[in-house]
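> Just one file: target-v1.cif, with mmCIF, C-alpha atoms.
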data_protein
loop_
_atom_site.label_atom_id
_atom_site.label_comp_id
_atom_site.auth_asym_id
_atom_site.auth_seq_id
_atom_site.Cartn_x
_atom_site.Cartn_y
_atom_site.Cartn_z
CA MET A 998 39.12 41.89 165.39
CA LYS A 999 40.94 45.12 166.03
CA SER A 1000 44.17 43.24 166.51
CA ARG A 1001 43.59 41.52 163.15
CA TYR A 1002 43.41 44.84 161.36
CA LEU A 1003 46.41 46.09 163.29
CA ILE A 1004 48.45 43.07 162.28
CA SER A 1005 47.23 43.48 158.72
CA PHE A 1006 48.29 47.15 158.73
CA PHE A 1007 51.79 46.40 159.95
CA THR A 1008 52.12 43.48 157.56
CA GLY A 1009 51.16 45.69 154.65
CA PHE A 1010 53.50 48.43 155.84
CA LEU A 1011 56.37 45.97 156.19
CA LEU A 1012 55.80 44.50 152.75
CA VAL A 1013 55.78 47.94 151.14
CA ALA A 1014 58.96 48.91 152.98
CA LEU A 1015 60.66 45.78 151.69
CA ILE A 1016 59.31 45.76 148.13
CA TYR A 1017 59.13 49.45 147.20
CA PRO A 1018 62.89 50.21 147.09
CA ARG A 1019 63.44 47.29 144.72
CA PHE A 1020 61.17 48.77 142.09
CA VAL A 1021 61.87 52.44 142.44
CA LYS A 1022 65.14 53.38 140.87
CA LYS A 1023 66.70 56.30 142.66
CA PRO A 1024 69.99 57.66 141.48
CA LEU A 1025 72.71 57.01 143.99
CA TRP A 1026 74.42 60.31 144.56
CA THR A 1027 77.57 58.72 145.88
CA CYS A 1028 80.27 60.27 143.72
CA ALA A 1029 80.40 62.99 141.11
CA ASN A 1030 83.85 61.85 139.97
CA SER A 1031 83.94 58.08 140.27
CA ILE A 1032 87.72 57.66 140.62
CA SER A 1033 89.00 60.75 142.39
CA CYS A 1034 85.82 61.10 144.43
CA GLN A 1035 86.77 62.35 147.88
CA LYS A 1036 90.30 63.26 146.80
CA SER A 1037 88.83 65.83 144.44
CA LEU A 1038 87.31 67.72 147.37
CA ALA A 1039 90.73 69.03 148.38
CA LEU A 1040 92.80 71.85 146.95
CA LYS A 1041 95.27 70.50 144.42
CA VAL A 1042 97.33 72.54 141.98
CA GLU A 1043 99.37 70.62 139.38
CA ASN A 1044 100.94 72.97 136.89
CA GLY A 1045 102.22 71.46 133.67
CA ALA A 1046 99.99 68.43 134.03
CA GLU A 1047 98.21 66.96 131.05
CA GLY A 1048 94.60 65.89 131.19
CA ILE A 1049 92.37 63.57 129.20
CA PHE A 1050 88.77 64.14 128.20
CA ASP A 1051 86.75 62.25 125.61
CA GLY A 1052 89.89 60.45 124.51
CA HIS A 1053 91.76 63.68 123.80
CA LYS A 1054 94.66 65.22 125.65
CA VAL A 1055 94.20 68.67 127.10
CA MET A 1056 96.65 70.99 128.78
CA ALA A 1057 95.51 72.38 132.09
CA PRO A 1058 95.97 76.10 132.68
CA SER A 1059 98.71 77.04 135.12
CA ILE A 1060 97.75 78.50 138.48
CA ASP A 1061 99.96 80.66 140.67
CA LEU A 1062 98.31 80.85 144.07
CA SER A 1063 100.86 83.38 145.29
CA LYS A 1064 99.42 85.92 142.86
CA GLU A 1065 95.83 85.37 143.87
CA PRO A 1066 93.97 86.53 146.98
CA ASN A 1067 92.95 83.73 149.30
CA GLN A 1068 89.35 83.10 148.36
CA ASN A 1069 89.07 79.56 149.65
CA VAL A 1070 86.95 80.78 152.52
CA LEU A 1071 83.20 80.95 152.75
CA GLY A 1072 83.24 83.13 155.84
CA THR A 1073 81.96 82.33 159.28
CA GLU A 1074 79.26 84.90 159.88
CA THR A 1075 75.68 84.93 158.74
CA PRO A 1076 75.57 87.07 155.64
CA GLN A 1077 73.48 90.22 155.48
CA ILE A 1078 73.12 89.94 151.73
CA ASP A 1079 70.93 87.22 150.29
CA LYS A 1080 72.90 85.34 147.68
CA HIS A 1081 71.19 82.60 145.71
CA ILE A 1082 72.25 80.67 142.62
CA TYR A 1083 69.65 79.18 140.27
CA VAL A 1084 70.58 76.65 137.61
CA ASP A 1085 68.02 76.04 134.86
CA LEU A 1086 68.89 72.66 133.37
CA THR A 1087 66.28 72.96 130.60
CA HIS A 1088 67.91 76.08 129.22
CA GLN A 1089 71.43 75.29 130.51
CA THR A 1090 71.68 78.71 132.16
CA LEU A 1091 72.84 79.87 135.57
CA TYR A 1092 71.54 82.95 137.38
CA ALA A 1093 73.30 84.31 140.44
CA TYR A 1094 71.12 86.68 142.45
CA GLN A 1095 72.24 89.11 145.11
CA ASN A 1096 69.06 90.13 146.90
CA LYS A 1097 66.85 90.87 143.90
CA GLU A 1098 69.58 91.88 141.51
CA ILE A 1099 71.21 89.58 139.02
CA PHE A 1100 74.93 89.45 139.65
CA LEU A 1101 75.68 86.94 136.90
CA GLN A 1102 73.87 85.16 134.09
CA ALA A 1103 75.88 82.53 132.26
CA ARG A 1104 75.48 79.47 130.10
CA ILE A 1105 76.46 76.20 131.70
CA SER A 1106 76.92 72.55 130.80
CA SER A 1107 75.23 70.05 133.09
CA GLY A 1108 75.35 66.26 133.17
CA LYS A 1109 75.37 64.43 129.85
CA TRP A 1110 76.86 61.05 130.81
CA HIS A 1111 75.56 61.15 134.39
CA PRO A 1112 72.68 63.25 135.69
CA THR A 1113 73.03 66.48 137.59
CA PRO A 1114 70.95 66.32 140.77
CA THR A 1115 68.02 68.70 141.11
CA GLY A 1116 66.74 70.35 144.26
CA ASP A 1117 67.85 72.90 146.81
CA PHE A 1118 71.45 72.76 147.92
CA THR A 1119 73.97 74.74 149.93
CA ILE A 1120 77.55 75.52 149.00
CA TRP A 1121 79.56 73.95 151.80
CA SER A 1122 83.12 74.42 150.54
CA LYS A 1123 85.17 75.79 147.69
CA VAL A 1124 88.71 75.25 146.40
CA ARG A 1125 90.68 77.24 143.85
CA ALA A 1126 91.53 74.06 141.92
CA THR A 1127 91.49 70.31 142.19
CA ARG A 1128 91.90 67.16 140.11
CA MET A 1129 88.82 65.33 138.90
CA THR A 1130 88.99 61.79 137.55
CA GLY A 1131 86.30 59.33 136.62
CA GLY A 1132 84.54 57.32 133.96
CA GLU A 1133 85.96 54.29 132.18
CA GLY A 1134 86.90 53.24 128.68
CA ALA A 1135 86.08 55.87 126.11
CA ASP A 1136 84.37 57.87 128.85
CA PHE A 1137 87.47 58.06 131.06
CA TYR A 1138 88.52 61.54 132.08
CA ASP A 1139 91.41 62.85 134.16
CA LEU A 1140 91.47 66.60 134.60
CA PRO A 1141 94.08 68.41 136.71
CA ASN A 1142 93.67 72.01 137.80
CA VAL A 1143 89.89 72.09 137.46
CA PRO A 1144 89.39 75.76 138.40
CA TYR A 1145 87.10 77.59 140.80
CA VAL A 1146 85.31 74.63 142.37
CA MET A 1147 82.28 75.28 144.59
CA PHE A 1148 80.90 72.14 146.25
CA PHE A 1149 77.21 71.80 147.06
CA GLY A 1150 75.07 69.22 148.80
CA ASN A 1151 71.90 68.57 150.75
CA ASN A 1152 70.38 65.76 152.82
CA ILE A 1153 69.92 63.62 149.68
CA VAL A 1154 73.11 64.47 147.80
CA PRO A 1155 75.83 64.20 150.43
CA ASP A 1156 78.74 66.61 150.57
CA SER A 1157 81.09 63.66 150.15
CA ALA A 1158 79.69 63.03 146.65
CA GLY A 1159 81.57 66.08 145.44
CA PHE A 1160 79.00 67.66 143.13
CA SER A 1161 80.10 71.15 142.29
CA LEU A 1162 79.97 74.22 140.12
CA HIS A 1163 83.33 74.78 138.47
CA GLY A 1164 85.18 76.13 135.48
CA ALA A 1165 85.89 73.89 132.51
CA TYR A 1166 88.91 74.40 130.28
CA TRP A 1167 88.59 71.19 128.23
CA HIS A 1168 85.55 72.05 126.14
CA ASP A 1169 83.72 75.12 124.92
CA ASN A 1170 80.18 73.92 124.40
CA PHE A 1171 78.33 75.82 127.10
CA GLY A 1172 74.58 75.89 126.78
CA HIS A 1173 74.66 72.14 126.10
CA PRO A 1174 75.07 69.16 128.45
CA MET A 1175 78.70 68.03 128.57
CA SER A 1176 79.57 66.92 132.11
CA HIS A 1177 79.44 63.84 134.30
CA GLY A 1178 77.07 65.51 136.74
CA CYS A 1179 78.74 68.73 137.83
CA ILE A 1180 77.82 72.17 136.55
CA ASN A 1181 80.50 73.31 134.09
CA MET A 1182 81.01 77.00 133.41
CA ARG A 1183 83.38 79.08 131.35
CA SER A 1184 86.38 79.66 133.57
CA VAL A 1185 85.90 83.42 133.41
CA ASP A 1186 82.31 83.01 134.69
CA ALA A 1187 83.33 80.49 137.33
CA GLN A 1188 85.98 82.93 138.54
CA LYS A 1189 83.39 85.68 139.01
CA LEU A 1190 81.06 83.32 140.86
CA PHE A 1191 83.87 81.95 143.01
CA SER A 1192 84.88 85.44 144.17
CA TRP A 1193 81.25 86.36 144.82
CA ALA A 1194 80.48 83.21 146.82
CA ASP A 1195 82.27 84.40 149.92
CA THR A 1196 79.75 83.73 152.67
CA GLN A 1197 78.23 80.76 154.43
CA GLY A 1198 74.92 79.33 153.41
CA ILE A 1199 74.73 80.33 149.76
CA LYS A 1200 71.86 78.40 148.25
CA VAL A 1201 71.91 76.66 144.91
CA THR A 1202 68.59 75.68 143.34
CA ILE A 1203 68.87 73.31 140.39
CA TYR A 1204 65.70 72.69 138.41
CA GLY A 1205 64.37 71.67 135.02
CA ASP A 1206 65.16 68.78 132.73
CA THR A 1207 68.49 68.36 130.96
CA PRO A 1208 68.05 68.01 127.19
CA LEU A 1209 69.18 64.47 126.37
CA MET B 879 38.09 31.23 158.78
CA LEU B 880 38.35 31.85 155.08
CA LYS B 881 36.37 35.03 155.52
CA ARG B 882 38.79 36.26 158.16
CA LEU B 883 41.74 35.36 155.96
CA ALA B 884 40.19 37.17 153.06
CA GLU B 885 39.61 40.24 155.24
CA PHE B 886 43.21 40.11 156.43
CA VAL B 887 44.64 39.80 152.94
CA GLY B 888 42.29 42.41 151.54
CA PHE B 889 43.09 44.94 154.22
CA THR B 890 46.81 44.25 153.83
CA ILE B 891 46.57 44.88 150.09
CA VAL B 892 44.68 48.12 150.69
CA VAL B 893 47.39 49.24 153.11
CA MET B 894 50.10 48.31 150.61
CA VAL B 895 48.42 50.22 147.78
CA LEU B 896 47.95 53.29 149.96
CA GLY B 897 51.57 53.04 151.11
CA ILE B 898 52.86 52.83 147.55
CA VAL B 899 50.75 55.80 146.51
CA VAL B 900 51.97 57.87 149.44
CA LEU B 901 55.61 56.93 148.88
CA THR B 902 55.37 57.70 145.17
CA VAL B 903 53.86 61.13 145.80
CA VAL B 904 56.45 61.91 148.47
CA ASN B 905 59.24 60.68 146.19
CA ARG B 906 58.07 62.88 143.35
CA ASN B 907 57.83 65.95 145.56
CA MET B 908 61.34 65.37 146.89
CA THR B 909 62.93 64.89 143.51
CA SER B 910 60.72 67.05 141.37
CA SER B 911 62.22 69.57 139.06
CA ARG B 912 59.41 72.02 139.66
CA LEU B 913 60.15 75.57 138.68
CA PRO B 914 61.31 77.72 141.57
CA VAL B 915 60.01 81.23 142.00
CA LEU B 916 62.90 83.39 140.91
CA PRO B 917 63.15 86.81 142.49
CA GLN B 918 62.08 89.65 140.28
CA PRO B 919 65.22 91.58 139.40
CA VAL B 920 65.30 95.23 140.27
CA ALA B 921 67.34 96.08 137.21
CA PRO B 922 65.86 95.19 133.84
CA LEU B 923 67.24 91.90 132.69
CA VAL B 924 68.72 92.00 129.24
CA VAL B 925 68.95 88.51 127.89
CA ALA B 926 71.86 88.25 125.53
CA ASP B 927 70.73 86.90 122.21
CA GLU B 928 73.34 84.85 120.39
CA LEU B 929 72.50 86.78 117.25
CA ASN B 930 73.53 90.01 118.93
CA VAL B 931 76.88 88.84 120.27
CA VAL B 932 79.31 91.44 118.97
CA SER B 933 82.36 90.34 120.90
CA GLN B 934 83.58 87.33 122.79
CA ASP B 935 86.65 86.89 124.95
CA SER B 936 88.92 83.91 124.53
CA PRO B 937 88.99 81.36 127.36
CA ASP B 938 92.35 82.65 128.60
CA GLY B 939 91.02 86.20 128.49
CA LYS B 940 93.93 87.41 126.35
CA MET B 941 92.06 87.92 123.07
CA THR B 942 88.71 89.30 122.02
CA VAL B 943 86.94 88.73 118.73
CA THR B 944 84.79 91.67 117.74
CA MET B 945 82.27 92.05 114.95
CA ASN B 946 81.62 95.33 113.15
CA LYS B 947 78.72 95.78 110.78
CA LEU B 948 78.34 98.51 108.18
CA THR B 949 75.28 98.65 105.95
CA VAL B 950 75.28 100.72 102.77
CA LYS B 951 72.15 100.53 100.65
CA ASN B 952 71.44 96.81 100.26
CA GLU B 953 74.80 95.47 101.22
CA THR B 954 76.36 94.90 104.61
CA THR B 955 80.04 94.60 105.29
CA TYR B 956 80.85 92.39 108.24
CA SER B 957 84.34 92.78 109.65
CA PHE B 958 85.82 90.64 112.39
CA TYR B 959 88.79 91.69 114.46
CA ILE B 960 90.88 89.85 117.00
CA SER B 961 92.14 92.39 119.48
CA LYS B 962 91.83 95.13 116.87
CA LYS B 963 93.62 93.18 114.14
CA LEU B 964 91.43 92.42 111.12
CA LEU B 965 90.75 88.71 110.80
CA PHE B 966 88.07 88.52 108.11
CA SER B 967 85.71 90.73 106.17
CA LYS B 968 82.78 89.90 103.90
CA ILE B 969 80.16 91.86 102.01
CA ILE B 970 76.78 90.14 101.94
CA GLY B 971 73.31 90.91 100.70
CA PRO B 972 70.18 91.89 102.66
CA SER B 973 68.95 88.32 103.16
CA ALA B 974 72.13 87.26 104.94
CA ARG B 975 73.79 88.05 108.23
CA MET B 976 76.85 86.98 110.14
CA SER B 977 77.38 86.41 113.84
CA ILE B 978 79.83 85.29 116.50
CA PRO B 979 78.58 82.06 118.09
CA TYR B 980 78.67 81.98 121.88
CA ASN B 981 81.15 79.10 121.93
CA THR B 982 83.25 80.55 119.14
CA TRP B 983 86.65 80.01 120.76
CA SER B 984 88.38 76.64 120.94
CA PRO B 985 89.30 75.70 124.54
CA ASP B 986 93.01 76.24 123.81
CA ASP B 987 92.41 79.68 122.23
CA ALA B 988 93.90 78.45 118.93
CA TYR B 989 90.80 78.59 116.74
CA LEU B 990 87.43 80.28 116.45
CA PHE B 991 84.43 79.80 114.23
CA LEU B 992 81.96 82.28 112.73
CA LYS B 993 78.48 81.80 111.36
CA GLU B 994 76.68 83.10 108.30
CA ASP B 995 72.93 82.70 107.85
CA ASP B 996 71.29 83.19 104.47
CA LYS B 997 67.71 82.18 103.81
CA ASN B 998 67.61 79.43 106.47
CA VAL B 999 70.96 78.04 105.36
CA SER B 1000 73.79 78.31 107.87
CA SER B 1001 77.44 78.31 106.96
CA TYR B 1002 80.32 77.98 109.39
CA TYR B 1003 83.88 79.14 108.94
CA VAL B 1004 86.88 78.22 111.10
CA PHE B 1005 89.85 80.52 111.48
CA LYS B 1006 93.16 80.34 113.25
CA ALA B 1007 93.20 82.83 116.09
CA SER B 1008 96.63 83.97 114.98
CA GLY B 1009 95.16 85.06 111.65
CA ALA B 1010 97.48 82.72 109.77
CA ASN B 1011 96.21 80.79 106.78
CA PHE B 1012 95.56 77.07 106.98
CA THR B 1013 97.36 76.66 103.65
CA SER B 1014 98.69 79.10 101.09
CA GLN B 1015 95.32 78.88 99.37
CA LEU B 1016 93.10 78.59 102.42
CA ALA B 1017 92.55 81.49 104.81
CA TYR B 1018 89.74 79.67 106.59
CA ILE B 1019 87.93 76.33 106.50
CA ASN B 1020 84.35 76.32 105.21
CA VAL B 1021 83.03 73.46 107.33
CA SER B 1022 79.57 73.55 105.75
CA ASP B 1023 80.85 73.00 102.22
CA LEU B 1024 83.07 70.15 103.35
CA PHE B 1025 80.13 68.59 105.20
CA THR B 1026 77.79 68.83 102.23
CA ASP B 1027 80.35 67.16 99.99
CA ARG B 1028 80.94 64.37 102.50
CA TYR B 1029 77.38 63.81 103.72
CA PRO B 1030 74.91 64.84 100.99
CA GLN B 1031 72.21 62.83 102.74
CA TYR B 1032 72.30 65.13 105.78
CA ILE B 1033 71.84 68.84 106.44
CA LEU B 1034 74.18 70.55 108.88
CA THR B 1035 71.80 72.25 111.31
CA GLU B 1036 74.14 73.68 113.91
CA ILE B 1037 77.70 73.76 115.13
CA THR B 1038 77.25 74.22 118.88
CA GLY B 1039 80.83 74.50 120.09
CA TRP B 1040 84.00 72.60 120.84
CA ALA B 1041 84.21 69.11 122.37
CA ALA B 1042 88.01 69.42 122.59
CA PRO B 1043 90.68 71.87 121.39
CA ASN B 1044 90.51 70.53 117.82
CA LEU B 1045 86.96 69.19 117.59
CA LEU B 1046 83.83 71.04 116.59
CA ILE B 1047 80.45 69.54 117.51
CA ILE B 1048 78.03 69.27 114.60
CA ASN B 1049 74.34 68.45 114.73
CA THR B 1050 72.49 67.40 111.63
CA MET B 1051 69.13 66.62 110.12
CA SER B 1052 68.27 64.12 107.43
CA GLN B 1053 66.79 65.31 104.17
CA ASP B 1054 63.35 64.11 105.28
CA GLY B 1055 63.47 66.29 108.38
CA ASN B 1056 64.35 63.68 111.01
CA ILE B 1057 67.10 64.26 113.54
CA GLY B 1058 70.40 63.16 112.07
CA PRO B 1059 73.61 62.07 113.76
CA SER B 1060 75.99 64.28 115.67
CA LEU B 1061 79.55 64.46 114.42
CA TRP B 1062 82.89 65.91 115.33
CA PHE B 1063 84.89 67.90 112.81
CA ASP B 1064 88.62 67.55 113.37
CA ILE B 1065 90.38 70.76 112.41
CA PRO B 1066 93.91 69.52 111.64
CA SER B 1067 92.77 66.66 109.40
CA GLN B 1068 89.60 68.44 108.19
CA SER B 1069 87.73 65.19 108.61
CA PHE B 1070 84.41 64.22 110.14
CA ILE B 1071 83.82 61.63 112.87
CA GLN B 1072 80.28 60.34 113.21
CA LEU B 1073 79.27 59.82 116.83
CA ALA B 1074 77.15 57.19 118.52
CA THR B 1075 75.64 59.69 120.98
CA HIS B 1076 73.74 62.81 120.13
CA PHE B 1077 74.91 66.20 121.38
CA TRP B 1078 71.90 68.39 122.08
#
Now that the file is in, can you turn its structure into C-alpha cells?

Amino acid sequence: MKSRYLISFFTGFLLVALIYPRFVKKPLWTCANSISCQKSLALKVENGAEGIFDGHKVMAPSIDLSKEPNQNVLGTETPQIDKHIYVDLTHQTLYAYQNKEIFLQARISSGKWHPTPTGDFTIWSKVRATRMTGGEGADFYDLPNVPYVMFFGNNIVPDSAGFSLHGAYWHDNFGHPMSHGCINMRSVDAQKLFSWADTQGIKVTIYGDTPL
Amino acid sequence: MLKRLAEFVGFTIVVMVLGIVVLTVVNRNMTSSRLPVLPQPVAPLVVADELNVVSQDSPDGKMTVTMNKLTVKNETTYSFYISKKLLFSKIIGPSARMSIPYNTWSPDDAYLFLKEDDKNVSSYYVFKASGANFTSQLAYINVSDLFTDRYPQYILTEITGWAAPNLLIINTMSQDGNIGPSLWFDIPSQSFIQLATHFW
C-alpha cells in the first residue's frame, strides 16, 4: 500500500514537471538585442556611423577614447562603499544610492516593445560604447556608439543576454517606456552613472510594472 | 481493484494540484515586482517637479535653455534663453503659466519645445535651438493649434518628448474622455502621423 502511494506521488510529480512548463509562459531572457546579441557586449566605437531607430536615421555621437579616462573597469577589490541602483519601472525613474545617500536620480525609459526584466541583478561588465541591433520590419533598429553601457544579469537573466543600463541618443522621451528591454538614460545621466559604477558587485534592483 | 485504481488516481491528482500550487507560488516570488525597501537617504530628497524645471541642458551638453519669470501685479512675463540669448518671451495672465518640459530638447539638439498651461488647456510651442524662424512669418510652431485644426475630434493631452530628432510624441483624449490615439508630429513637414501603438 505504501508503495502504491509512493508510485502515485512520483507519477504526479512527473506529470506536473512535464505539463507545467507548457502552460506557464516565462519570458526567455536570451537576448536584449536580437541581432547583435553577444557582439554588443564588446567595446565598439564607430565614429561617423549612421543608425536607424523607428524607421528614422540618426547620427551617432562621436567618441574619442584618447580623451577619456579608462573607465571600462569595475575594479577587483571588494568595495567599502555600498553602491546600489534601484530602477522603478512604474514611475520610470532610477535612483543610485551610495550608502544611504542618493548619488543620482534620473528618469529612464524601460522596455516598450520587449519587457525589461525585474529582480535583483549585479553589474558584471561595462563598455564605453557598443553597437546594438535588433528587431525586424518597422521595429528594426541599428544603433552604433550606444554610450556608457553597464551590463547586468542574475541566475535567471544570463549575462550573455546583454541587458544593460545605457545612454540613448536617438530619442528624448525619458520617463516613458521606449526601449527593447534595456534601461535607457539621458547620455549625461548615463555618463555620471558609468563613472560612479567603478567597483565589483554593484547591485541593480528593478521593480514595478512598466506602463503599457 | 477499481478502488485501488481510484485511490491511485486520486492521490496522483492531489499531488499534481499541490505541485502546481507550489510551483506557481515559487514562480511568483521569483519574478515578482514587489517593492524593495529603499534606504532612507541621509540628505533630504528633493524630487524635481516638472513644473519647476527652470533650465535644461541639451543632449550634447553644449546649450542650456533657461526660464525666467517676472510677476508684476496680475501679469507674469516668462522669458526663455538659450545660453543667455533670448529665445522667446510672453506676458500671460494669472491663470496661466509656462514651463520647460523635461524632454524639451530634440535628440539632435536642433529643436526644443515649451509648454503653456491655462485653465486646464495645454499649449505646446516648438522652436529652433538656433533661434531662427521657421519662416519669415513664423518664429515658432504652435503644435496645439495645428492639432486642433487637424483633429477636432480629439484633445491633445500631452506632448511627452521626442521619438526621433524630428518627431514629437503626442498623446490625446477623445471628446468623451476616452483615451485617444498617440501621434507623431513631424517638424519639417508640420504634419501629424497617427500611430497604431500608444505611447504612455
> What's the separation between CA of Asn981 in chain B and CA of Trp1040 in chain B, in Å to one decimal place?
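Taking CA of Asn981 in chain B and CA of Trp1040 in chain B, their separation equals 7.2 Å.
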> Could you jot down the CA of Asn1044 in chain A to CA of Lys940 in chain B separation for me, Å, one decimal place?
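Separating CA of Asn1044 in chain A from CA of Lys940 in chain B is a distance of 19.2 Å.
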> Using all atoms listed in the file, tabulate the residues of chain A lying at most 7 Å from any atom of chain B, each with its closest atom pair and that distance in Å to one decimal, by chain and increasing residue number, as a tab-separated table.

residue	atom	partner	partner_atom	distance
A:Arg1001	CA	B:Phe886	CA	6.9
A:Tyr1002	CA	B:Phe886	CA	6.8
A:Ser1005	CA	B:Thr890	CA	5.0
A:Phe1006	CA	B:Thr890	CA	5.9
A:Thr1008	CA	B:Thr890	CA	6.5
A:Gly1009	CA	B:Thr890	CA	4.7
A:Phe1010	CA	B:Met894	CA	6.2
A:Val1013	CA	B:Met894	CA	5.7
A:His1053	CA	B:Ala1042	CA	7.0
A:Lys1097	CA	B:Pro919	CA	4.8
A:Glu1098	CA	B:Pro919	CA	4.9
A:Ile1099	CA	B:Pro919	CA	6.3
A:Thr1115	CA	B:Ser911	CA	6.2
A:Gly1116	CA	B:Thr909	CA	6.7
A:Tyr1166	CA	B:Pro985	CA	5.9
A:Trp1167	CA	B:Pro985	CA	5.9
A:His1168	CA	B:Ala1041	CA	5.0
A:Asp1169	CA	B:Trp1040	CA	4.8
A:Asn1170	CA	B:Gly1039	CA	4.4
A:Phe1171	CA	B:Asn981	CA	6.7
A:His1173	CA	B:Trp1078	CA	6.2
A:Ser1184	CA	B:Pro937	CA	6.9
A:Tyr1204	CA	B:Ser911	CA	4.7
A:Gly1205	CA	B:Ser911	CA	5.0
A:Pro1208	CA	B:Trp1078	CA	6.4
A:Leu1209	CA	B:Trp1078	CA	6.4
> Expand the PyMOL selection byres ((chain B and resi 1060-1068) around 12) into the explicit residue set it covers here, and present it as a compact mmCIF listing (two decimals) with C-alpha atoms, in the frame of the given file.

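Contents of the output file expr-v6.txt:
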# COMPACT_ATOMS: atom_id res chain seq x y z
CA ASP A 1051 86.75 62.25 125.61
CA HIS A 1053 91.76 63.68 123.80
CA SER B 984 88.38 76.64 120.94
CA ALA B 988 93.90 78.45 118.93
CA TYR B 989 90.80 78.59 116.74
CA LEU B 990 87.43 80.28 116.45
CA PHE B 991 84.43 79.80 114.23
CA TYR B 1002 80.32 77.98 109.39
CA TYR B 1003 83.88 79.14 108.94
CA VAL B 1004 86.88 78.22 111.10
CA PHE B 1005 89.85 80.52 111.48
CA LYS B 1006 93.16 80.34 113.25
CA PHE B 1012 95.56 77.07 106.98
CA THR B 1013 97.36 76.66 103.65
CA TYR B 1018 89.74 79.67 106.59
CA ILE B 1019 87.93 76.33 106.50
CA ASN B 1020 84.35 76.32 105.21
CA VAL B 1021 83.03 73.46 107.33
CA SER B 1022 79.57 73.55 105.75
CA ASP B 1023 80.85 73.00 102.22
CA LEU B 1024 83.07 70.15 103.35
CA PHE B 1025 80.13 68.59 105.20
CA ARG B 1028 80.94 64.37 102.50
CA TYR B 1029 77.38 63.81 103.72
CA TYR B 1032 72.30 65.13 105.78
CA ILE B 1033 71.84 68.84 106.44
CA LEU B 1034 74.18 70.55 108.88
CA THR B 1035 71.80 72.25 111.31
CA GLU B 1036 74.14 73.68 113.91
CA ILE B 1037 77.70 73.76 115.13
CA THR B 1038 77.25 74.22 118.88
CA GLY B 1039 80.83 74.50 120.09
CA TRP B 1040 84.00 72.60 120.84
CA ALA B 1041 84.21 69.11 122.37
CA ALA B 1042 88.01 69.42 122.59
CA PRO B 1043 90.68 71.87 121.39
CA ASN B 1044 90.51 70.53 117.82
CA LEU B 1045 86.96 69.19 117.59
CA LEU B 1046 83.83 71.04 116.59
CA ILE B 1047 80.45 69.54 117.51
CA ILE B 1048 78.03 69.27 114.60
CA ASN B 1049 74.34 68.45 114.73
CA THR B 1050 72.49 67.40 111.63
CA MET B 1051 69.13 66.62 110.12
CA SER B 1052 68.27 64.12 107.43
CA ILE B 1057 67.10 64.26 113.54
CA GLY B 1058 70.40 63.16 112.07
CA PRO B 1059 73.61 62.07 113.76
CA SER B 1069 87.73 65.19 108.61
CA PHE B 1070 84.41 64.22 110.14
CA ILE B 1071 83.82 61.63 112.87
CA GLN B 1072 80.28 60.34 113.21
CA LEU B 1073 79.27 59.82 116.83
CA ALA B 1074 77.15 57.19 118.52
CA THR B 1075 75.64 59.69 120.98
CA HIS B 1076 73.74 62.81 120.13
CA PHE B 1077 74.91 66.20 121.38
CA TRP B 1078 71.90 68.39 122.08
> Could you tell me how far CA of Ser1059 in chain A sits from CA of Tyr959 in chain B, in Å to one decimal place?
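Value for the CA of Tyr959 in chain B-CA of Ser1059 in chain A distance: 27.2 Å.
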> Would you pick out the contacts of Gly971 in chain B at 12 Å or less, using all atoms listed in the file, so that residues sharing its chain but fewer than 3 positions from it are not included, and give the list as a PyMOL selection string?
chain B and resi 948-956+968+974-976+994-997
> Selected residues, C-alpha atoms, written as a compact mmCIF listing (two decimals), keeping the file's coordinate frame, please.

# COMPACT_ATOMS: atom_id res chain seq x y z
CA LEU B 948 78.34 98.51 108.18
CA THR B 949 75.28 98.65 105.95
CA VAL B 950 75.28 100.72 102.77
CA LYS B 951 72.15 100.53 100.65
CA ASN B 952 71.44 96.81 100.26
CA GLU B 953 74.80 95.47 101.22
CA THR B 954 76.36 94.90 104.61
CA THR B 955 80.04 94.60 105.29
CA TYR B 956 80.85 92.39 108.24
CA LYS B 968 82.78 89.90 103.90
CA ALA B 974 72.13 87.26 104.94
CA ARG B 975 73.79 88.05 108.23
CA MET B 976 76.85 86.98 110.14
CA GLU B 994 76.68 83.10 108.30
CA ASP B 995 72.93 82.70 107.85
CA ASP B 996 71.29 83.19 104.47
CA LYS B 997 67.71 82.18 103.81
> With all atoms listed in the file as the counted atoms, please give the residues lying no more than 10 Å from Glu1065 in chain A, apart from itself and same-chain residues fewer than 4 positions off, as a PyMOL selection string.
chain A and resi 1060-1061+1125
> Can you find the residues with an atom no farther than 10 Å from (76.8, 56.1, 145.9), counting all atoms listed in the file, and report them as an MDAnalysis selection string?
chainID A and resid 1024:1029 1031 1154:1155 1157:1158
> Keeping only C-alpha atoms, take the residues you just selected and write them out as a short mmCIF file (atom, residue, chain, number, x, y, z; two decimals), in the coordinates of the input.

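As a result, selection_0.cif now contains:
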data_model
loop_
_atom_site.label_atom_id
_atom_site.label_comp_id
_atom_site.auth_asym_id
_atom_site.auth_seq_id
_atom_site.Cartn_x
_atom_site.Cartn_y
_atom_site.Cartn_z
CA PRO A 1024 69.99 57.66 141.48
CA LEU A 1025 72.71 57.01 143.99
CA TRP A 1026 74.42 60.31 144.56
CA THR A 1027 77.57 58.72 145.88
CA CYS A 1028 80.27 60.27 143.72
CA ALA A 1029 80.40 62.99 141.11
CA SER A 1031 83.94 58.08 140.27
CA VAL A 1154 73.11 64.47 147.80
CA PRO A 1155 75.83 64.20 150.43
CA SER A 1157 81.09 63.66 150.15
CA ALA A 1158 79.69 63.03 146.65
#
> Give the answer as one residue: which of A:Gly1172, A:Cys1179, A:Tyr1094, A:Ala1014 has the shortest atom-to-atom distance to Pro979 in chain B, using only C-alpha atoms?
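So, comparing all the options, the nearest one is A:Gly1172.
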> Given 8 Å of margin on each side, can you work out the centre and size in Å (one decimal) of an axis-aligned box holding every listed atom of range 1157-1165 of chain A, as lines of an AutoDock Vina configuration file?

center_x = 82.4
center_y = 69.6
center_z = 141.3
size_x = 22.9
size_y = 29.1
size_z = 33.6
> Let me know the residues the PyMOL selection byres ((chain A and resi 1142) around 7) catches in the file above, as a PyMOL selection string.
chain A and resi 1041-1043+1057-1058+1126-1128+1140-1141+1143-1144
> Evaluate the PyMOL selection byres ((chain B and resi 946) around 6) on the structure here and hand back the selected residues as a VMD selection string.
chain B and resid 945 947 956 to 957
